[in-house]
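Novice: Just entry_2.txt, nothing more (compact mmCIF, C-alpha atoms):
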# COMPACT_ATOMS: atom_id res chain seq x y z
CA MET R 1 89.73 -11.38 -98.69
CA LEU R 2 86.57 -10.90 -96.66
CA LEU R 3 85.58 -7.38 -97.53
CA SER R 4 86.53 -4.99 -100.25
CA PHE R 5 85.61 -1.32 -100.31
CA ALA R 6 86.36 -0.94 -103.98
CA GLY R 7 82.71 -1.05 -104.97
CA ILE R 8 82.01 2.21 -103.19
CA PHE R 9 84.32 4.05 -105.53
CA PHE R 10 83.20 2.44 -108.71
CA LEU R 11 79.54 2.80 -107.70
CA SER R 12 78.51 -0.34 -109.43
CA MET R 13 74.79 -0.52 -110.12
CA GLY R 14 74.55 -3.98 -108.63
CA GLY R 15 71.68 -3.18 -106.22
CA SER R 16 72.17 -5.29 -103.12
CA THR R 17 75.95 -5.48 -103.46
CA THR R 18 76.20 -1.70 -103.46
CA ILE R 19 74.01 -1.46 -100.37
CA LEU R 20 76.08 -4.10 -98.63
CA LEU R 21 79.29 -2.29 -99.45
CA ALA R 22 77.81 1.00 -98.28
CA ALA R 23 76.82 -0.66 -95.00
CA VAL R 24 80.30 -2.10 -94.60
CA TYR R 25 81.82 1.28 -95.26
CA ALA R 26 79.48 2.99 -92.79
CA ILE R 27 80.31 0.44 -90.09
CA THR R 28 84.00 0.92 -90.79
CA ILE R 29 83.71 4.71 -90.47
CA LEU R 30 81.76 4.38 -87.24
CA SER R 31 84.26 2.00 -85.70
CA LEU R 32 87.05 4.32 -86.83
CA ILE R 33 85.48 7.26 -85.03
CA VAL R 34 85.15 5.11 -81.89
CA ALA R 35 88.78 4.02 -82.28
CA ILE R 36 89.87 7.65 -82.50
CA ALA R 37 87.88 8.46 -79.35
CA PHE R 38 89.51 5.64 -77.44
CA PHE R 39 92.89 6.67 -78.80
CA THR R 40 92.50 10.10 -77.22
CA VAL R 41 91.53 8.43 -73.93
CA LEU R 42 94.57 6.18 -74.19
CA GLU R 43 96.76 9.20 -74.86
CA ARG R 44 95.53 11.00 -71.76
CA LYS R 45 96.01 7.90 -69.64
CA VAL R 46 99.56 7.33 -70.89
CA LEU R 47 100.50 10.98 -70.45
CA ALA R 48 99.13 10.85 -66.92
CA ALA R 49 100.98 7.61 -66.16
CA ILE R 50 104.27 9.10 -67.33
CA GLN R 51 103.77 12.14 -65.09
CA ARG R 52 103.06 10.04 -61.99
CA ARG R 53 105.33 10.64 -59.06
CA ARG R 54 105.30 10.56 -55.29
CA GLY R 55 104.13 14.05 -54.45
CA PRO R 56 104.89 16.21 -51.39
CA ASN R 57 101.87 14.88 -49.54
CA MET R 58 103.17 11.33 -49.74
CA VAL R 59 106.90 11.77 -49.13
CA GLY R 60 107.00 11.76 -45.32
CA GLN R 61 104.72 8.78 -44.86
CA MET H 1 80.98 26.36 -76.53
CA LYS H 2 78.15 24.30 -77.90
CA GLU H 3 77.45 26.08 -81.15
CA PRO H 4 80.01 26.74 -83.84
CA LEU H 5 80.88 30.40 -83.86
CA ILE H 6 81.54 31.90 -87.26
CA VAL H 7 83.67 35.00 -87.31
CA SER H 8 82.07 38.01 -88.98
CA GLY H 9 84.80 38.60 -91.53
CA ALA H 10 85.25 34.94 -92.33
CA ASN H 11 84.54 33.46 -95.72
CA TYR H 12 81.48 31.52 -94.59
CA TYR H 13 81.44 28.46 -96.85
CA ILE H 14 85.17 27.95 -97.03
CA PHE H 15 85.41 28.39 -93.28
CA LEU H 16 82.76 25.73 -92.74
CA SER H 17 84.11 23.35 -95.35
CA ALA H 18 87.77 23.29 -94.26
CA PRO H 19 87.44 20.94 -91.24
CA ILE H 20 84.91 18.81 -93.10
CA VAL H 21 87.30 18.42 -96.03
CA LEU H 22 90.13 17.59 -93.66
CA LEU H 23 88.20 14.87 -91.86
CA THR H 24 86.86 13.45 -95.12
CA LEU H 25 90.37 13.20 -96.54
CA SER H 26 91.75 11.46 -93.49
CA LEU H 27 88.85 9.01 -93.37
CA THR H 28 89.27 8.35 -97.08
CA LEU H 29 92.83 7.26 -96.34
CA TRP H 30 91.41 4.32 -94.40
CA VAL H 31 90.05 2.87 -97.61
CA PHE H 32 93.62 2.06 -98.60
CA VAL H 33 94.91 0.83 -95.26
CA PRO H 34 95.28 -2.92 -95.34
CA LEU H 35 94.15 -4.74 -92.21
CA PRO H 36 95.60 -8.25 -92.40
CA GLY H 37 93.00 -10.85 -91.49
CA PHE H 38 90.01 -8.57 -92.04
CA ALA H 39 90.15 -6.50 -95.16
CA TYR H 40 92.53 -5.29 -97.78
CA GLY H 41 90.67 -2.21 -98.89
CA VAL H 42 91.16 -0.79 -102.33
CA ASP H 43 93.85 -2.79 -103.89
CA ASN H 44 95.60 -1.96 -107.13
CA ASN H 45 99.06 -1.26 -108.44
CA TYR H 46 98.94 2.40 -107.44
CA SER H 47 97.47 2.23 -103.93
CA PHE H 48 100.61 3.63 -102.36
CA VAL H 49 100.61 6.59 -104.75
CA VAL H 50 96.98 7.29 -103.91
CA VAL H 51 97.72 7.13 -100.18
CA PHE H 52 100.33 9.82 -100.72
CA LEU H 53 97.97 11.85 -102.86
CA PHE H 54 95.34 11.93 -100.12
CA SER H 55 97.79 12.66 -97.34
CA ALA H 56 99.22 15.52 -99.39
CA LEU H 57 95.73 16.94 -99.97
CA ASN H 58 95.47 17.60 -96.22
CA THR H 59 97.62 20.64 -96.85
CA TYR H 60 94.91 22.28 -98.92
CA ALA H 61 92.34 21.95 -96.15
CA ILE H 62 94.75 23.68 -93.80
CA ILE H 63 95.30 26.45 -96.37
CA LEU H 64 91.52 26.90 -96.55
CA ALA H 65 91.22 27.03 -92.77
CA GLY H 66 94.03 29.53 -92.39
CA LEU H 67 92.94 31.83 -95.20
CA SER H 68 89.21 31.91 -94.57
CA SER H 69 89.38 32.67 -90.84
CA ASN H 70 90.04 36.40 -91.36
CA SER H 71 92.64 36.36 -88.62
CA ARG H 72 96.35 37.05 -88.87
CA TYR H 73 97.11 34.44 -86.24
CA SER H 74 95.39 31.66 -88.11
CA LEU H 75 96.96 32.80 -91.38
CA ILE H 76 100.45 32.68 -89.87
CA GLY H 77 99.67 29.37 -88.18
CA GLY H 78 98.43 27.97 -91.48
CA VAL H 79 101.56 29.09 -93.30
CA ARG H 80 103.74 27.45 -90.67
CA ALA H 81 101.75 24.25 -90.78
CA ILE H 82 101.96 24.13 -94.58
CA ALA H 83 105.73 24.74 -94.58
CA GLN H 84 106.15 21.87 -92.13
CA LEU H 85 103.84 19.47 -93.96
CA ILE H 86 105.37 20.14 -97.37
CA SER H 87 108.93 19.81 -96.04
CA TYR H 88 108.36 16.52 -94.28
CA GLU H 89 106.41 15.09 -97.19
CA VAL H 90 109.76 14.73 -98.99
CA PRO H 91 111.72 12.46 -96.60
CA LEU H 92 108.51 10.57 -95.83
CA SER H 93 107.89 9.64 -99.43
CA LEU H 94 111.58 9.05 -100.19
CA SER H 95 111.98 6.64 -97.28
CA LEU H 96 108.97 4.67 -98.44
CA LEU H 97 110.03 4.80 -102.08
CA THR H 98 113.10 2.90 -100.94
CA LEU H 99 110.92 0.09 -99.65
CA PHE H 100 108.76 0.05 -102.75
CA CYS H 101 111.88 0.03 -104.88
CA VAL H 102 112.90 -3.23 -103.20
CA GLN H 103 109.36 -4.49 -103.52
CA GLY H 104 109.11 -3.64 -107.21
CA SER H 105 105.49 -2.51 -106.96
CA PHE H 106 103.29 0.18 -105.40
CA ASN H 107 100.77 -2.46 -104.45
CA LEU H 108 100.20 -2.34 -100.70
CA SER H 109 98.52 -5.69 -100.28
CA ALA H 110 101.25 -7.51 -102.19
CA PHE H 111 103.85 -6.24 -99.77
CA SER H 112 106.17 -8.76 -98.22
CA VAL H 113 109.06 -8.39 -95.82
CA SER H 114 110.60 -11.80 -96.20
CA ARG H 115 114.00 -10.74 -97.45
CA VAL H 116 117.33 -10.09 -95.81
CA LEU H 117 118.14 -7.17 -98.06
CA PHE H 118 114.86 -5.61 -97.11
CA PHE H 119 115.67 -5.52 -93.39
CA ALA H 120 119.10 -4.04 -93.98
CA LEU H 121 117.55 -1.18 -95.95
CA ALA H 122 114.40 -0.95 -93.87
CA LEU H 123 115.94 0.10 -90.59
CA PRO H 124 117.19 3.57 -91.68
CA SER H 125 114.03 4.20 -93.65
CA LEU H 126 111.98 3.11 -90.62
CA VAL H 127 113.72 5.78 -88.53
CA ILE H 128 113.26 8.43 -91.23
CA PHE H 129 109.64 7.42 -91.73
CA PHE H 130 108.88 7.58 -88.02
CA ILE H 131 110.39 11.05 -87.60
CA SER H 132 108.57 12.37 -90.66
CA LEU H 133 105.38 10.74 -89.41
CA LEU H 134 105.60 12.73 -86.19
CA ALA H 135 106.06 15.91 -88.21
CA GLU H 136 103.28 15.10 -90.67
CA THR H 137 100.75 14.45 -87.93
CA ASN H 138 101.82 17.51 -85.88
CA ARG H 139 103.04 15.49 -82.93
CA THR H 140 105.16 16.90 -80.18
CA PRO H 141 108.71 17.51 -81.26
CA PHE H 142 107.20 19.15 -84.33
CA ASP H 143 103.90 20.51 -83.05
CA LEU H 144 104.65 24.06 -84.13
CA PRO H 145 101.25 24.51 -85.81
CA GLU H 146 99.70 24.50 -82.37
CA ALA H 147 102.54 25.99 -80.36
CA GLU H 148 100.68 28.12 -77.85
CA ALA H 149 103.75 30.04 -76.76
CA GLU H 150 104.40 31.66 -80.11
CA LEU H 151 100.99 31.62 -81.77
CA VAL H 152 97.60 31.88 -80.18
CA ALA H 153 96.41 28.52 -81.47
CA GLY H 154 97.54 28.02 -85.05
CA TYR H 155 95.29 27.62 -88.06
CA ASN H 156 92.37 26.39 -85.94
CA LEU H 157 92.22 29.53 -83.81
CA GLU H 158 88.80 30.75 -84.91
CA TYR H 159 87.15 27.35 -84.84
CA SER H 160 84.94 26.29 -81.97
CA SER H 161 82.78 23.36 -80.87
CA ILE H 162 82.14 20.67 -83.50
CA LEU H 163 84.25 22.32 -86.19
CA PHE H 164 87.23 22.37 -83.85
CA SER H 165 86.73 18.78 -82.83
CA LEU H 166 86.64 17.77 -86.50
CA PHE H 167 90.22 19.04 -86.81
CA PHE H 168 91.30 16.83 -83.96
CA LEU H 169 89.37 13.83 -85.19
CA ALA H 170 91.22 14.23 -88.49
CA GLU H 171 94.55 14.57 -86.74
CA TYR H 172 94.10 11.47 -84.62
CA SER H 173 92.75 9.54 -87.58
CA ASN H 174 95.91 10.48 -89.45
CA ILE H 175 98.02 9.24 -86.56
CA LEU H 176 96.24 5.88 -86.59
CA VAL H 177 96.58 5.63 -90.38
CA ALA H 178 100.28 6.39 -90.19
CA ALA H 179 100.83 3.91 -87.36
CA SER H 180 99.03 1.14 -89.17
CA LEU H 181 100.76 1.86 -92.50
CA LEU H 182 104.11 1.80 -90.73
CA SER H 183 103.25 -1.46 -89.00
CA PHE H 184 102.05 -2.98 -92.22
CA LEU H 185 105.11 -1.98 -94.21
CA PHE H 186 107.80 -2.76 -91.66
CA PHE H 187 106.31 -5.40 -89.33
CA ASN H 188 103.96 -7.22 -91.60
CA SER H 189 103.74 -10.48 -89.71
CA HIS H 190 102.97 -8.89 -86.31
CA PHE H 191 100.62 -6.22 -87.56
CA TYR H 192 98.27 -5.62 -84.62
CA ILE H 193 100.91 -5.82 -81.89
CA SER H 194 103.00 -3.41 -83.91
CA VAL H 195 100.11 -0.95 -84.32
CA ILE H 196 99.57 -0.88 -80.55
CA PHE H 197 103.28 -0.50 -79.93
CA PHE H 198 103.66 2.41 -82.34
CA CYS H 199 100.53 4.15 -81.03
CA LEU H 200 101.99 3.95 -77.52
CA LEU H 201 105.36 5.12 -78.80
CA ILE H 202 103.84 8.12 -80.55
CA ILE H 203 101.99 9.02 -77.34
CA ALA H 204 105.11 8.52 -75.21
CA VAL H 205 107.13 10.75 -77.52
CA ARG H 206 104.71 13.53 -76.71
CA ALA H 207 105.41 13.20 -73.01
CA ILE H 208 109.16 12.79 -73.39
CA LEU H 209 110.42 15.26 -75.96
CA PRO H 210 110.44 19.07 -75.90
CA ARG H 211 109.39 21.14 -78.88
CA TYR H 212 111.73 22.18 -81.66
CA THR H 213 111.94 25.75 -82.84
CA PHE H 214 110.87 26.43 -86.40
CA VAL H 215 114.43 26.82 -87.69
CA GLN H 216 115.54 23.58 -86.06
CA MET H 217 112.57 21.78 -87.54
CA ILE H 218 113.23 23.00 -91.09
CA ASN H 219 116.97 22.34 -90.73
CA LEU H 220 116.35 18.81 -89.50
CA CYS H 221 114.23 18.17 -92.54
CA TRP H 222 116.29 19.71 -95.32
CA LYS H 223 119.82 19.26 -93.94
CA THR H 224 119.54 15.86 -92.29
CA LEU H 225 116.54 13.79 -93.25
CA PHE H 226 116.34 14.80 -96.91
CA PRO H 227 120.00 14.00 -97.82
CA LEU H 228 119.83 10.82 -95.75
CA SER H 229 116.69 9.52 -97.39
CA LEU H 230 117.81 10.58 -100.86
CA SER H 231 121.17 8.81 -100.52
CA LEU H 232 119.42 5.78 -99.07
CA PHE H 233 117.15 5.71 -102.09
CA PHE H 234 119.99 5.91 -104.60
CA LEU H 235 121.97 3.32 -102.63
CA THR H 236 119.00 0.97 -102.80
CA VAL H 237 118.61 1.48 -106.53
CA ILE H 238 122.29 0.76 -107.11
CA ILE H 239 122.27 -2.33 -104.88
CA ILE H 240 119.22 -3.75 -106.58
CA TYR H 241 120.64 -3.02 -110.02
CA LEU H 242 123.93 -4.74 -109.16
CA LEU H 243 122.14 -7.71 -107.59
CA ASN H 244 119.95 -8.08 -110.62
CA ALA H 245 122.92 -7.84 -112.97
CA SER H 246 125.03 -10.37 -111.06
CA LEU H 247 122.21 -12.81 -110.44
CA SER H 248 120.94 -12.69 -113.98
CA SER H 249 124.43 -13.37 -115.30
CA LEU H 250 124.82 -16.30 -112.91
CA TYR H 251 121.43 -17.96 -112.98
CA ASN H 252 119.71 -16.22 -115.84
CA VAL H 253 116.88 -15.01 -113.59
CA GLU H 254 115.49 -11.59 -112.82
CA LEU H 255 115.30 -11.56 -109.02
CA TYR H 256 113.99 -8.27 -107.66
CA GLY H 257 110.91 -7.22 -109.47
CA ALA H 258 109.88 -10.52 -110.94
CA LEU H 259 110.34 -12.65 -107.86
CA SER H 260 108.69 -10.08 -105.64
CA HIS H 261 105.31 -10.83 -107.16
CA SER H 262 105.62 -14.56 -106.70
CA VAL H 263 106.83 -14.12 -103.12
CA SER H 264 104.10 -11.67 -102.28
CA VAL H 265 101.30 -14.17 -102.84
CA GLU H 266 101.82 -15.56 -99.34
CA THR H 267 100.73 -12.29 -97.70
CA GLN H 268 97.28 -12.38 -99.23
CA PRO H 269 94.61 -14.33 -97.33
Have the structure of the file written as structure tokens, please.
Specialist:
Amino acid sequence: MLLSFAGIFFLSMGGSTTILLAAVYAITILSLIVAIAFFTVLERKVLAAIQRRRGPNMVGQ
Amino acid sequence: MKEPLIVSGANYYIFLSAPIVLLTLSLTLWVFVPLPGFAYGVDNNYSFVVVFLFSALNTYAIILAGLSSNSRYSLIGGVRAIAQLISYEVPLSLSLLTLFCVQGSFNLSAFSVSRVLFFALALPSLVIFFISLLAETNRTPFDLPEAEAELVAGYNLEYSSILFSLFFLAEYSNILVAASLLSFLFFNSHFYISVIFFCLLIIAVRAILPRYTFVQMINLCWKTLFPLSLSLFFLTVIIIYLLNASLSSLYNVELYGALSHSVSVETQP
């Protein structure tokens, strides 16, 4: 087990450990927000890909 | 609109706090999501119960948003959203209780899928869990809370700019949490591939399926999914009881429950 967030909740007074855990938690939250942003992009791309078709301007060619 | 607009009749602090509470709750859920290979998050014998606690608390943020907006449309949208969330909470938790009944523990990180019995019981509860997941995260066949045809916009009608985007951040965060929990519980050994697959499936469902009406949605929950998941749960309990009884009479061992902890060691890094 590399990382554990448990220390954030118990708010242990262990100085550097608490700061480290807080940093880990902040990085996790940041990467989560980025993941959510890319998930919305992915959703738009997939929805667009499903709607793709050969439109009227392409049919005769 | 770049600045959040606060409606004149709105209850200022509650109106402001509702999206913040919602996003905080859905980000808190990530503390409990196990990511195999990286982190196991908060890890105790009740982590599954706490996951359900936090996902159920989302309802209260929606109540706050609907009530404090001083708009009939958001109030009605909030009521509809709450009815949907509360209804689908039941089959969701029952389908997962089945799995945890086989497992013998609420501990998420000690979860293992290395049993034949598990797969036989997991398939129906996977289907039930996936359908309830779509309803819980307001995805398309069940996206009545934001059905533009009937309501103006649902409980988030009066919200604008950053407050509005907080609602959607929370919603998409919930989708990712649900997808990764599902992948962890049902496809433990191929976690990351499974997360990507279920994210794509949830997106594709939005493009493929039409929207249910409210009556159809409630009927699907209480007349189909609820009896199914309840009977599945009791069936599982009976099967495990009989297995335990027969095995303990044959070999004098307690299989499901005791063995599950010794088996589960292999899933921890």
Novice: Atom CA of H:Leu23 and atom CA of H:Tyr60, how far apart in Å?
Specialist: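 Straight-line distance from atom CA of H:Tyr60 to atom CA of H:Leu23 works out to 12.2 Å.
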Novice: Show me, as JSON, numbers by chain, the residues that have an atom within 8 Å of stretch 49-60 of chain R when counting only C-alpha atoms, minus same-chain residues fewer than 2 positions from it.
Specialist: {"R": [45, 46, 47], "H": [204, 207]}
Novice: Box along x, y and z, 5 Å on every side, all listed atoms of stretch 162-169 of chain H inside: centre and edge lengths in Å to one decimal, as lines of an AutoDock Vina configuration file.
Specialist:
center_x = 86.7
center_y = 18.1
center_z = -84.8
size_x = 19.2
size_y = 18.5
size_z = 14.0
Novice: With all atoms listed in the file as the basis for distance, which of R:Val24, R:Ile36, R:Leu30, R:Val41 is at the shortest distance from chain H?
Specialist: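 Distance minimum relative to chain H lands on R:Ile36.
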Novice: Excluding R:Ala35 and residues on its chain fewer than 4 positions from it, collect all residues at most 9 Å away from it, counting all atoms listed in the file, and give them as an MDAnalysis selection string.
Specialist: (chainID R and resid 30:31 39:40) or (chainID H and resid 173 176)
Novice: What's around H:Phe164 at 12 Å? Count all atoms listed in the file, leave out sequence neighbours fewer than 2 positions away in its own chain, and write the answer as a PyMOL selection string.
Specialist: chain H and resi 1-6+15-20+22-23+65+153-162+166-171
Novice: For atom CA of H:Leu182 and atom CA of H:Tyr212, quote the distance in Å rounded to one decimal.
Specialist: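 So the two atoms, atom CA of H:Leu182 and atom CA of H:Tyr212, lie 23.6 Å apart.
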Novice: For each of H:Tyr172, H:Phe48, H:Phe130, H:Phe54, take the minimum atom-to-atom distance to chain R, counting all atoms listed in the file, then give the residue where this is smallest.
Specialist: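 Smallest distance to chain R is found for H:Tyr172.
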Novice: Using only C-alpha atoms, pick whichever of H:Leu97, H:Val79, H:Met217, H:Leu53 has the shortest atom-to-atom distance to H:Leu67.
Specialist: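 Between H:Leu97, H:Val79, H:Met217, H:Leu53, the residue approaching H:Leu67 most closely is H:Val79.
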Novice: Considering all atoms listed in the file, can you say which of H:Phe52, H:Phe214, H:Tyr88, H:Phe32 comes closest to chain R?
Specialist: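 Among H:Phe52, H:Phe214, H:Tyr88, H:Phe32, it is H:Phe32 that comes nearest to chain R.
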